[in-house]
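Student: Input work-v4.tsv, format and content: TSV, C-alpha atoms.
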```tsv
chain	number	residue	atom	x	y	z
A	671	MET	CA	5.15	-29.20	-0.03
A	672	LYS	CA	5.12	-31.60	2.89
A	673	LEU	CA	2.52	-31.65	5.64
A	674	ILE	CA	4.74	-30.04	8.27
A	675	GLU	CA	5.76	-27.33	5.80
A	676	ARG	CA	2.12	-26.53	5.07
A	677	TYR	CA	1.47	-26.44	8.82
A	678	ILE	CA	4.29	-23.95	9.40
A	679	LEU	CA	3.22	-21.87	6.42
A	680	ARG	CA	-0.38	-21.74	7.64
A	681	ARG	CA	0.60	-20.73	11.17
A	682	THR	CA	2.98	-18.06	9.87
A	683	LEU	CA	0.33	-16.65	7.54
A	684	LEU	CA	-2.21	-16.43	10.36
A	685	MET	CA	0.28	-14.67	12.62
A	686	PHE	CA	1.40	-12.40	9.76
A	687	PHE	CA	-2.13	-11.23	8.95
A	688	GLY	CA	-2.94	-10.98	12.65
A	689	THR	CA	-0.05	-8.53	12.94
A	690	LEU	CA	-0.42	-6.75	9.59
A	691	LEU	CA	-4.08	-5.78	9.83
A	692	PRO	CA	-3.93	-3.98	13.22
A	693	LEU	CA	-0.68	-2.20	12.32
A	694	LEU	CA	-2.09	-1.25	8.93
A	695	GLY	CA	-5.28	0.04	10.52
A	696	ILE	CA	-3.42	2.19	13.05
A	697	VAL	CA	-1.02	3.75	10.54
A	698	TRP	CA	-3.76	4.18	7.93
A	699	THR	CA	-6.02	5.91	10.44
A	700	THR	CA	-3.31	8.34	11.53
A	701	GLN	CA	-2.47	9.17	7.92
A	702	ALA	CA	-6.11	9.62	6.93
A	703	LEU	CA	-6.91	11.85	9.92
A	704	THR	CA	-4.25	14.35	8.82
A	705	ASN	CA	-6.48	15.21	5.85
A	706	VAL	CA	-9.78	15.47	7.73
A	707	ASN	CA	-9.54	19.25	8.13
A	708	LEU	CA	-8.79	19.69	4.45
A	709	VAL	CA	-11.83	17.67	3.40
A	710	THR	CA	-14.21	19.29	5.88
A	711	ASP	CA	-12.98	22.84	5.27
A	712	SER	CA	-13.40	22.51	1.53
A	713	GLY	CA	-16.92	21.14	1.88
A	714	GLN	CA	-16.12	17.69	0.50
A	715	SER	CA	-18.47	14.79	1.13
A	716	MET	CA	-17.81	11.73	3.29
A	717	LEU	CA	-17.44	9.72	0.09
A	718	ALA	CA	-14.55	11.96	-0.95
A	719	PHE	CA	-12.88	11.43	2.42
A	720	LEU	CA	-13.25	7.64	2.13
A	721	LYS	CA	-11.79	7.76	-1.36
A	722	LEU	CA	-8.85	9.85	-0.14
A	723	ALA	CA	-8.27	7.49	2.80
A	724	THR	CA	-8.36	4.45	0.49
A	725	LEU	CA	-5.83	6.01	-1.87
A	726	ILE	CA	-3.46	6.54	1.07
A	727	LEU	CA	-3.46	2.81	1.85
A	728	PRO	CA	-0.96	1.65	-0.86
A	729	SER	CA	1.70	4.05	0.44
A	730	VAL	CA	1.47	2.44	3.89
A	731	ILE	CA	1.64	-1.23	2.85
A	732	PRO	CA	5.33	-1.40	1.77
A	733	ILE	CA	6.39	0.14	5.09
A	734	ILE	CA	4.31	-2.07	7.37
A	735	LEU	CA	4.54	-5.36	5.48
A	736	PRO	CA	8.20	-6.28	6.27
A	737	PHE	CA	7.78	-5.59	10.00
A	738	ALA	CA	4.55	-7.58	10.14
A	739	PHE	CA	6.40	-10.48	8.50
A	740	VAL	CA	9.35	-10.44	10.88
A	741	ILE	CA	6.97	-10.39	13.85
A	742	GLY	CA	4.87	-13.19	12.35
A	743	VAL	CA	7.88	-15.45	11.72
A	744	ALA	CA	9.56	-14.83	15.07
A	745	GLN	CA	6.35	-15.25	17.05
A	746	THR	CA	5.31	-18.40	15.19
A	747	LEU	CA	8.64	-20.16	15.69
A	748	THR	CA	8.84	-19.00	19.32
A	749	ALA	CA	5.37	-20.42	19.98
A	750	MET	CA	6.37	-23.69	18.32
A	751	ASN	CA	9.45	-23.83	20.52
A	752	ALA	CA	7.37	-23.13	23.63
A	753	ASP	CA	5.04	-26.00	22.66
A	754	SER	CA	8.11	-28.26	22.15
A	755	GLU	CA	7.20	-28.70	18.48
A	756	LEU	CA	10.66	-27.68	17.30
A	757	THR	CA	12.19	-30.14	19.77
A	758	VAL	CA	9.96	-32.95	18.48
A	759	LEU	CA	10.89	-32.15	14.88
A	760	ASN	CA	14.59	-32.27	15.74
A	761	ALA	CA	14.17	-35.56	17.65
A	762	ALA	CA	12.29	-37.05	14.70
A	763	GLY	CA	15.25	-36.27	12.43
A	764	SER	CA	13.51	-33.59	10.38
A	765	SER	CA	15.73	-31.29	8.39
A	766	ARG	CA	15.94	-27.60	9.33
A	767	MET	CA	15.03	-26.87	5.72
A	768	MET	CA	11.51	-28.12	6.45
A	769	ILE	CA	11.15	-25.11	8.75
A	770	ILE	CA	13.13	-22.66	6.64
A	771	ARG	CA	11.59	-23.49	3.25
A	772	PRO	CA	7.99	-22.29	3.85
A	773	ILE	CA	9.29	-19.08	5.42
A	774	ILE	CA	11.47	-18.42	2.37
A	775	TYR	CA	8.56	-19.11	0.01
A	776	LEU	CA	6.35	-16.69	1.90
A	777	GLY	CA	9.12	-14.08	2.07
A	778	VAL	CA	9.65	-14.25	-1.70
A	779	GLY	CA	5.92	-13.92	-2.32
A	780	LEU	CA	5.62	-10.89	-0.04
A	781	SER	CA	8.66	-9.30	-1.67
A	782	VAL	CA	6.99	-9.63	-5.07
A	783	VAL	CA	3.83	-8.06	-3.66
A	784	SER	CA	5.89	-5.23	-2.18
A	785	PHE	CA	7.61	-4.63	-5.54
A	786	ALA	CA	4.28	-4.48	-7.38
A	787	VAL	CA	2.69	-2.12	-4.87
A	788	ASP	CA	5.76	0.13	-4.61
A	789	ASN	CA	6.30	0.48	-8.36
A	790	PHE	CA	2.84	0.35	-9.90
A	791	VAL	CA	0.02	0.80	-7.37
A	792	GLU	CA	1.54	3.37	-5.00
A	793	PRO	CA	2.63	5.92	-7.69
A	794	TYR	CA	-0.91	5.98	-9.08
A	795	SER	CA	-2.48	6.37	-5.64
A	796	ARG	CA	-0.02	9.07	-4.53
A	797	THR	CA	-0.68	11.06	-7.71
A	798	ALA	CA	-4.42	10.72	-7.21
A	799	VAL	CA	-4.11	11.87	-3.58
A	800	ARG	CA	-2.09	14.94	-4.55
A	801	GLN	CA	-4.61	15.80	-7.26
A	802	MET	CA	-7.52	15.44	-4.84
A	803	ILE	CA	-5.79	17.68	-2.29
A	804	ALA	CA	-4.98	20.26	-4.97
A	805	THR	CA	-8.58	20.20	-6.19
A	806	ALA	CA	-9.87	20.66	-2.66
A	807	HIS	CA	-7.58	23.67	-2.20
A	808	ALA	CA	-8.78	25.07	-5.53
A	809	ASP	CA	-12.48	24.69	-4.73
A	810	MET	CA	-12.96	28.29	-3.67
A	811	LEU	CA	-16.73	28.22	-3.98
A	812	SER	CA	-17.13	25.45	-1.40
A	813	SER	CA	-14.77	27.35	0.90
A	814	VAL	CA	-17.01	30.41	1.11
A	815	ILE	CA	-20.53	29.02	1.04
A	816	GLN	CA	-20.42	27.85	4.65
A	817	GLU	CA	-22.27	30.39	6.72
A	818	ASN	CA	-20.95	32.18	9.82
A	819	ALA	CA	-17.48	30.67	9.64
A	820	PHE	CA	-14.12	32.18	8.74
A	821	ARG	CA	-12.41	30.18	6.00
A	822	LYS	CA	-8.71	30.38	5.22
A	823	VAL	CA	-8.39	30.53	1.43
A	824	THR	CA	-4.60	30.86	1.48
A	825	ASP	CA	-1.95	32.33	3.75
A	826	GLY	CA	-3.09	35.84	4.66
A	827	LEU	CA	-6.52	35.61	2.97
A	828	TYR	CA	-9.72	34.87	4.95
A	829	VAL	CA	-13.36	34.94	3.83
A	830	GLN	CA	-16.56	34.92	5.89
A	831	VAL	CA	-20.19	34.85	4.75
A	832	SER	CA	-23.19	35.62	6.94
A	833	ARG	CA	-25.84	33.87	4.88
A	834	ARG	CA	-26.21	32.13	1.57
A	835	LYS	CA	-29.29	32.91	-0.48
A	836	GLY	CA	-30.75	31.26	-3.54
A	837	GLY	CA	-29.11	31.65	-6.93
A	838	GLY	CA	-25.61	31.64	-5.48
A	839	VAL	CA	-26.01	35.04	-3.80
A	840	LEU	CA	-23.82	35.49	-0.72
A	841	GLU	CA	-24.99	37.94	1.93
A	842	GLY	CA	-22.82	39.74	4.48
A	843	LEU	CA	-19.38	39.31	2.92
A	844	PHE	CA	-16.16	39.91	4.86
A	845	VAL	CA	-12.71	39.51	3.26
A	846	ALA	CA	-9.39	40.09	5.06
A	847	ASP	CA	-6.31	40.28	2.82
A	848	THR	CA	-2.91	40.57	4.53
A	849	ARG	CA	-0.80	38.82	1.91
A	850	ASP	CA	1.12	41.99	1.15
A	851	PRO	CA	3.23	42.89	4.23
A	852	LYS	CA	3.24	46.57	3.19
A	853	VAL	CA	-0.54	47.05	3.15
A	854	GLU	CA	-3.62	45.38	4.63
A	855	TYR	CA	-7.08	45.30	3.05
A	856	VAL	CA	-10.42	44.58	4.68
A	857	TYR	CA	-13.51	44.32	2.48
A	858	TYR	CA	-17.13	44.57	3.62
A	859	ALA	CA	-20.07	44.06	1.26
A	860	ARG	CA	-23.81	43.71	1.66
A	861	GLU	CA	-23.95	40.89	-0.86
A	862	GLY	CA	-21.96	39.25	-3.62
A	863	ALA	CA	-21.48	36.15	-5.74
A	864	ILE	CA	-18.72	34.12	-7.34
A	865	ASP	CA	-18.42	34.37	-11.11
A	866	GLU	CA	-17.50	30.82	-12.15
A	867	LYS	CA	-16.32	31.95	-15.60
A	868	THR	CA	-13.76	34.46	-14.35
A	869	SER	CA	-13.17	32.94	-10.87
A	870	ALA	CA	-13.81	36.36	-9.34
A	871	LEU	CA	-15.68	37.24	-6.15
A	872	VAL	CA	-18.03	40.07	-7.18
A	873	MET	CA	-19.06	42.21	-4.20
A	874	ASN	CA	-21.88	44.79	-4.26
A	875	ASP	CA	-22.66	47.77	-2.02
A	876	GLY	CA	-19.67	47.74	0.29
A	877	GLU	CA	-16.44	49.39	1.30
A	878	VAL	CA	-12.72	48.55	1.49
A	879	HIS	CA	-10.42	49.59	4.34
A	880	ARG	CA	-6.78	50.08	3.36
A	881	LYS	CA	-4.23	50.18	6.20
A	882	LEU	CA	-0.63	51.31	5.66
A	883	PRO	CA	2.38	50.31	7.82
A	884	ASN	CA	2.37	53.75	9.51
A	885	GLY	CA	-1.16	53.11	10.77
A	886	ASP	CA	-3.02	55.38	8.32
A	887	VAL	CA	-6.37	53.92	7.20
A	888	SER	CA	-8.29	54.94	4.10
A	889	VAL	CA	-11.89	53.91	3.45
A	890	ILE	CA	-13.35	53.62	-0.04
A	891	LYS	CA	-17.01	52.85	-0.69
A	892	PHE	CA	-18.02	50.99	-3.84
A	893	ASP	CA	-21.17	49.92	-5.63
A	894	SER	CA	-19.48	46.92	-7.25
A	895	TYR	CA	-16.02	45.41	-6.83
A	896	ALA	CA	-14.49	42.23	-8.31
A	897	PHE	CA	-11.96	40.38	-6.16
A	898	ASP	CA	-9.89	38.19	-8.49
A	899	LEU	CA	-9.43	34.57	-7.34
A	900	ALA	CA	-8.22	33.14	-10.64
A	901	ASP	CA	-4.53	33.06	-9.73
A	902	LEU	CA	-5.27	31.39	-6.41
A	903	THR	CA	-7.46	28.65	-7.87
A	904	GLU	CA	-5.12	27.91	-10.75
A	905	ARG	CA	-2.07	27.73	-8.50
A	906	ALA	CA	-3.84	25.64	-5.88
A	907	GLY	CA	-5.30	23.31	-8.50
A	908	GLU	CA	-1.88	22.30	-9.78
A	909	ALA	CA	-0.64	19.16	-8.06
A	910	THR	CA	3.13	18.97	-7.55
A	911	ILE	CA	4.25	15.52	-8.71
A	912	ARG	CA	7.52	14.50	-7.06
A	913	ALA	CA	9.88	11.57	-7.55
A	914	LYS	CA	7.97	9.28	-5.17
A	915	ASP	CA	4.79	9.88	-7.17
A	916	ARG	CA	6.29	8.72	-10.48
A	917	ASP	CA	5.86	5.24	-11.90
A	918	LEU	CA	8.74	2.94	-12.79
A	919	PRO	CA	8.82	3.68	-16.57
A	920	PHE	CA	9.21	7.41	-15.85
A	921	LEU	CA	12.02	6.81	-13.36
A	922	LEU	CA	13.84	4.62	-15.88
A	923	ASN	CA	13.65	7.41	-18.47
A	924	PRO	CA	12.91	10.79	-16.80
A	925	ASP	CA	11.68	13.66	-18.94
A	926	PRO	CA	14.45	16.29	-19.02
A	927	ALA	CA	11.83	19.02	-19.54
A	928	ASP	CA	9.97	18.13	-16.33
A	929	GLU	CA	10.20	20.94	-13.76
A	930	GLN	CA	10.83	18.58	-10.83
A	931	VAL	CA	13.52	16.69	-12.75
A	932	LYS	CA	15.32	19.94	-13.58
A	933	ARG	CA	14.99	21.16	-10.00
A	934	ASN	CA	16.22	17.98	-8.27
A	935	PRO	CA	17.47	15.26	-10.64
A	936	GLY	CA	19.19	13.39	-7.81
A	937	ALA	CA	15.84	12.65	-6.15
A	938	PHE	CA	14.68	10.67	-9.21
A	939	THR	CA	17.91	8.66	-9.37
A	940	ALA	CA	17.73	7.89	-5.65
A	941	GLU	CA	14.05	6.90	-5.91
A	942	LEU	CA	14.80	4.47	-8.75
A	943	HIS	CA	17.52	2.68	-6.79
A	944	ARG	CA	15.40	2.71	-3.64
A	945	ARG	CA	12.64	0.85	-5.44
A	946	PHE	CA	15.11	-1.66	-6.81
A	947	THR	CA	16.30	-2.54	-3.30
A	948	GLU	CA	13.64	-1.97	-0.64
A	949	TRP	CA	11.22	-4.50	-2.12
A	950	THR	CA	13.57	-7.24	-0.82
A	951	LEU	CA	13.02	-6.24	2.83
A	952	PRO	CA	10.30	-8.85	3.54
A	953	LEU	CA	12.66	-11.65	2.48
A	954	ILE	CA	15.61	-10.09	4.36
A	955	PHE	CA	13.55	-9.67	7.53
A	956	GLY	CA	12.31	-13.24	7.20
A	957	LEU	CA	15.91	-14.48	7.12
A	958	VAL	CA	16.72	-12.39	10.19
A	959	ALA	CA	13.75	-13.87	12.07
A	960	LEU	CA	14.81	-17.38	11.06
A	961	VAL	CA	18.34	-16.89	12.39
A	962	ALA	CA	16.92	-15.58	15.68
A	963	SER	CA	14.27	-18.24	16.29
A	964	VAL	CA	14.59	-21.32	14.06
A	965	ASP	CA	16.51	-23.49	16.55
A	966	ALA	CA	14.90	-25.26	19.50
A	967	ARG	CA	16.05	-23.88	22.85
A	968	SER	CA	15.56	-24.77	26.48
A	969	HIS	CA	12.95	-22.84	28.45
A	970	ARG	CA	15.45	-22.50	31.30
A	971	GLU	CA	17.90	-20.58	29.15
A	972	ALA	CA	17.98	-16.90	30.08
A	973	ARG	CA	17.74	-14.97	26.85
A	974	VAL	CA	15.96	-12.11	25.19
A	975	HIS	CA	12.78	-12.99	23.33
A	976	PRO	CA	13.66	-13.77	19.67
A	977	MET	CA	11.02	-11.33	18.47
A	978	VAL	CA	12.74	-8.48	20.34
A	979	THR	CA	16.09	-9.39	18.79
A	980	SER	CA	14.56	-9.70	15.32
A	981	LEU	CA	12.75	-6.37	15.59
A	982	LEU	CA	15.82	-4.50	16.80
A	983	VAL	CA	17.89	-5.85	13.91
A	984	ALA	CA	15.07	-5.13	11.44
A	985	LEU	CA	14.78	-1.54	12.69
A	986	ALA	CA	18.54	-1.08	12.31
A	987	ILE	CA	18.42	-2.41	8.73
A	988	ARG	CA	15.43	-0.21	7.87
A	989	TRP	CA	17.14	2.87	9.32
A	990	ALA	CA	20.33	2.13	7.36
A	991	MET	CA	18.34	1.75	4.13
A	992	PHE	CA	16.45	4.97	4.78
A	993	TYR	CA	19.65	6.87	5.54
A	994	ALA	CA	21.34	5.53	2.38
A	995	ALA	CA	18.32	6.48	0.26
A	996	SER	CA	18.28	10.02	1.68
A	997	ALA	CA	22.03	10.44	1.21
A	998	SER	CA	21.88	9.19	-2.38
A	999	GLU	CA	19.78	12.21	-3.38
A	1000	THR	CA	22.83	14.41	-2.99
A	1001	SER	CA	25.70	11.94	-3.39
A	1002	LEU	CA	26.13	9.18	-5.95
A	1003	TYR	CA	28.58	7.46	-3.62
A	1004	ALA	CA	25.68	6.49	-1.30
A	1005	ILE	CA	23.84	4.52	-4.01
A	1006	PRO	CA	25.99	1.34	-3.72
A	1007	PHE	CA	25.05	1.11	-0.03
A	1008	LEU	CA	21.43	0.65	-1.05
A	1009	TYR	CA	22.49	-2.65	-2.61
A	1010	LEU	CA	25.26	-3.61	-0.20
A	1011	ILE	CA	23.06	-3.44	2.90
A	1012	PRO	CA	20.42	-6.04	1.85
A	1013	LEU	CA	23.01	-8.24	0.11
A	1014	GLY	CA	25.31	-8.17	3.12
A	1015	VAL	CA	22.51	-8.93	5.59
A	1016	ALA	CA	21.19	-11.77	3.40
A	1017	ALA	CA	24.68	-13.28	3.02
A	1018	LEU	CA	25.31	-13.07	6.77
A	1019	ALA	CA	21.92	-14.60	7.60
A	1020	ILE	CA	22.44	-17.49	5.15
A	1021	ARG	CA	25.90	-18.07	6.59
A	1022	GLN	CA	24.48	-18.21	10.12
A	1023	LEU	CA	21.73	-20.60	9.07
A	1024	SER	CA	24.12	-22.89	7.23
A	1025	ARG	CA	26.40	-23.05	10.28
A	1026	HIS	CA	23.51	-23.60	12.69
A	1027	LYS	CA	24.31	-20.39	14.54
A	1028	SER	CA	21.62	-18.23	16.07
A	1029	LEU	CA	21.29	-14.47	16.17
A	1030	GLU	CA	21.88	-13.02	19.61
A	1031	LEU	CA	22.32	-9.52	20.93
A	1032	PRO	CA	25.72	-8.67	22.46
A	1033	ALA	CA	26.18	-10.24	25.90
A	1034	SER	CA	26.31	-6.86	27.66
A	1035	MET	CA	23.10	-5.61	26.03
A	1036	ARG	CA	21.40	-8.96	26.61
A	1037	ALA	CA	22.33	-8.87	30.30
A	1038	ARG	CA	20.99	-5.34	30.66
A	1039	LEU	CA	17.69	-6.24	29.04
A	1040	ILE	CA	17.32	-9.33	31.24
A	1041	ASP	CA	18.13	-7.31	34.36
A	1042	LEU	CA	15.61	-4.67	33.31
A	1043	ARG	CA	12.95	-7.34	32.77
A	1044	ASP	CA	13.67	-8.95	36.16
A	1045	SER	CA	13.59	-5.61	37.98
A	1046	LEU	CA	10.26	-4.69	36.35
A	1047	MET	CA	8.78	-8.06	37.27
A	1048	ALA	CA	10.06	-7.69	40.86
A	1049	ARG	CA	8.51	-4.22	41.16
A	1050	LEU	CA	5.19	-5.41	39.77
A	1051	SER	CA	5.22	-8.39	42.16
A	1052	GLY	CA	6.09	-6.12	45.06
A	1053	ARG	CA	3.28	-3.72	44.28
A	1054	SER	CA	0.74	-6.51	43.92
A	1055	GLY	CA	1.90	-8.06	47.22
A	1056	ALA	CA	1.69	-4.73	49.03
A	1057	ALA	CA	-1.78	-4.12	47.63
A	1058	SER	CA	-2.92	-7.56	48.83
A	1059	THR	CA	-1.47	-6.95	52.34
A	1060	SER	CA	-3.12	-3.54	52.57
A	1061	HIS	CA	-6.44	-4.99	51.47
A	1062	GLY	CA	-6.17	-7.76	54.08
A	1063	GLN	CA	-5.42	-5.26	56.88
A	1064	GLN	CA	-8.42	-3.15	55.92
A	1065	GLN	CA	-10.63	-6.19	56.17
```
Rewrite the structure from the file as structure tokens, please.

Tutor:
Amino acid sequence: MKLIERYILRRTLLMFFGTLLPLLGIVWTTQALTNVNLVTDSGQSMLAFLKLATLILPSVIPIILPFAFVIGVAQTLTAMNADSELTVLNAAGSSRMMIIRPIIYLGVGLSVVSFAVDNFVEPYSRTAVRQMIATAHADMLSSVIQENAFRKVTDGLYVQVSRRKGGGVLEGLFVADTRDPKVEYVYYAREGAIDEKTSALVMNDGEVHRKLPNGDVSVIKFDSYAFDLADLTERAGEATIRAKDRDLPFLLNPDPADEQVKRNPGAFTAELHRRFTEWTLPLIFGLVALVASVDARSHREARVHPMVTSLLVALAIRWAMFYAASASETSLYAIPFLYLIPLGVAALAIRQLSRHKSLELPASMRARLIDLRDSLMARLSGRSGAASTSHGQQQ
């Protein structure tokens, strides 16, 4: 690799990571925060939350990586054009391939990384996340040991404990059960404990209030009563593994006896073809950014920033791929579009590059964006001028 190619590759890598890390941090944080309540309500430790947040990370990388690459390429080449480096390279007789080649190498490498993460790392992490969430839901003991707080065990079932004593004894039990729409139960007990062998909440010295739909209430006192939690913990502890959670070998040969496969076989077929196509997006987006920004242009030329053009086209491609993947779950006719979209975009981009043609938005849209930019700049200049005049008059 020549010196100028290494220079372009280094600048693109720096811009790529400078874009990827903040985007990854923002998306990762928002995804991790959605599970904060689950972890805190089930009494999990901070270490468990950090583990859960780390396992979420592989599912975010394939989504963010192509967009970080298209921004990195477009911004790098735009900065080189602003510094007249592209003009100098053209004047020195350098081939356009010296600029294109390092971008293609990096795009291929990122596509391979995306394929590996999407097919091998992400399925494992998604399965582990689902299992952790299911285990947290199933941890009934940790849900009730927190004092003076109502805890939602499941829809229609709430538990509250006044105080926890030594030996696992729970004092001041309150249980509200409204899962059956025909009858409501409210349990009070002086003390109780959870039997770990039978997964039952054993309550002592209490009473149960039974309310019927017509408003009649019956009260029954008891010395000892066992509230069965076994069905809840077993059902909550079972993680539902969907098509996106499966690894590549399973998708290539799905188990016909699997409940999810029998319920929705089209989802597994669509997921397989999605993984065979979406890993190419970094390379496709890199080609789009090259078409938009590889050529040297005059600073006086009124045009939309190449990064804006590249991002709009990238978003359109990503939306088309997402729509085709969703449609292929119910229709086999949508599967070919998963392959035609990236192949068509790549062929068009290579054709534009070979003919030295750039990627531009339609003239009408470009004019509207330029007018919008000019009007915003004029308003900002007007406001700053008015503020300066007002400040001078006050003085």

Student: Which residue, A:Leu871, A:Met991, A:Leu882, A:Leu843, has the smallest gap to Tyr855 in chain A when you use only C-alpha atoms?

Tutor: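 Nearest to Tyr855 in chain A: A:Leu882.
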
Student: Pick out the closest residue to Ile734 in chain A from this set: A:Ser784, A:Ser1001, A:Gln830, A:Thr746. Count only C-alpha atoms.

Tutor: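 The shortest atom-to-atom distance to Ile734 in chain A comes from A:Ser784.
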
Student: Would you please work out which residue, of A:Val730, A:Ala962, A:Lys1027, A:Ile741, is nearest to Leu684 in chain A when using all atoms listed in the file?

Tutor: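 Distance minimum relative to Leu684 in chain A lands on A:Ile741.
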
Student: May I ask for the distance between CA of Arg766 in chain A and CA of Glu675 in chain A, given in Å to one decimal place?

Tutor: 10.8 Å

Student: Show me, as a list in words, the residues that have an atom within 8 Å of Ile774 in chain A when counting only C-alpha atoms, minus same-chain residues fewer than 4 positions from it.

Tutor: Ile770, Val778, Leu953, Gly956 and Leu957 of chain A

Student: Quick one: everything within 8 Å of Ser781 in chain A, counting only C-alpha atoms, minus sequence neighbours fewer than 2 positions away in the same chain. Send it as JSON, numbers by chain.

Tutor: {"A": [777, 778, 779, 783, 784, 785, 949, 950, 951, 952, 953]}

Student: Between CA of Ala927 in chain A and CA of Thr939 in chain A, what is the distance, to one decimal in Å?

Tutor: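 That distance, rounded to one decimal, is 15.7 Å.
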
Student: What does the distance between CA of Val889 in chain A and CA of Val856 in chain A come to in Å, to one decimal place?

Tutor: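 Going from CA of Val889 in chain A over to CA of Val856 in chain A covers 9.5 Å.
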
Student: With distances taken over all atoms listed in the file, which residue among A:Tyr828, A:His1026, A:Val978, A:Glu999 lies nearest Asn934 in chain A?

Tutor: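 With all atoms listed in the file as the atom set, the closest residue is A:Glu999.
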
Student: Compile the contact shell of Val964 in chain A as a ChimeraX atom specification: residues with an atom at most 12 Å away, counting all atoms listed in the file, same-chain residues fewer than 3 positions apart removed.

Tutor: /A:678,743-751,755-757,759-760,765-771,773,956-961,967,976-977,980,1019,1022-1024,1026-1029

Student: A:Asp825, A:Met873, A:Phe790, A:Trp698: which is nearest Phe920 in chain A, counting all atoms listed in the file?

Tutor: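 Among the listed residues, the smallest separation from Phe920 in chain A belongs to A:Phe790.
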
Student: Which residue is closest to Arg880 in chain A? Choose from A:Glu792, A:Glu941, A:Asp917, A:Glu854 and count all atoms listed in the file.

Tutor: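 Closest candidate: A:Glu854.
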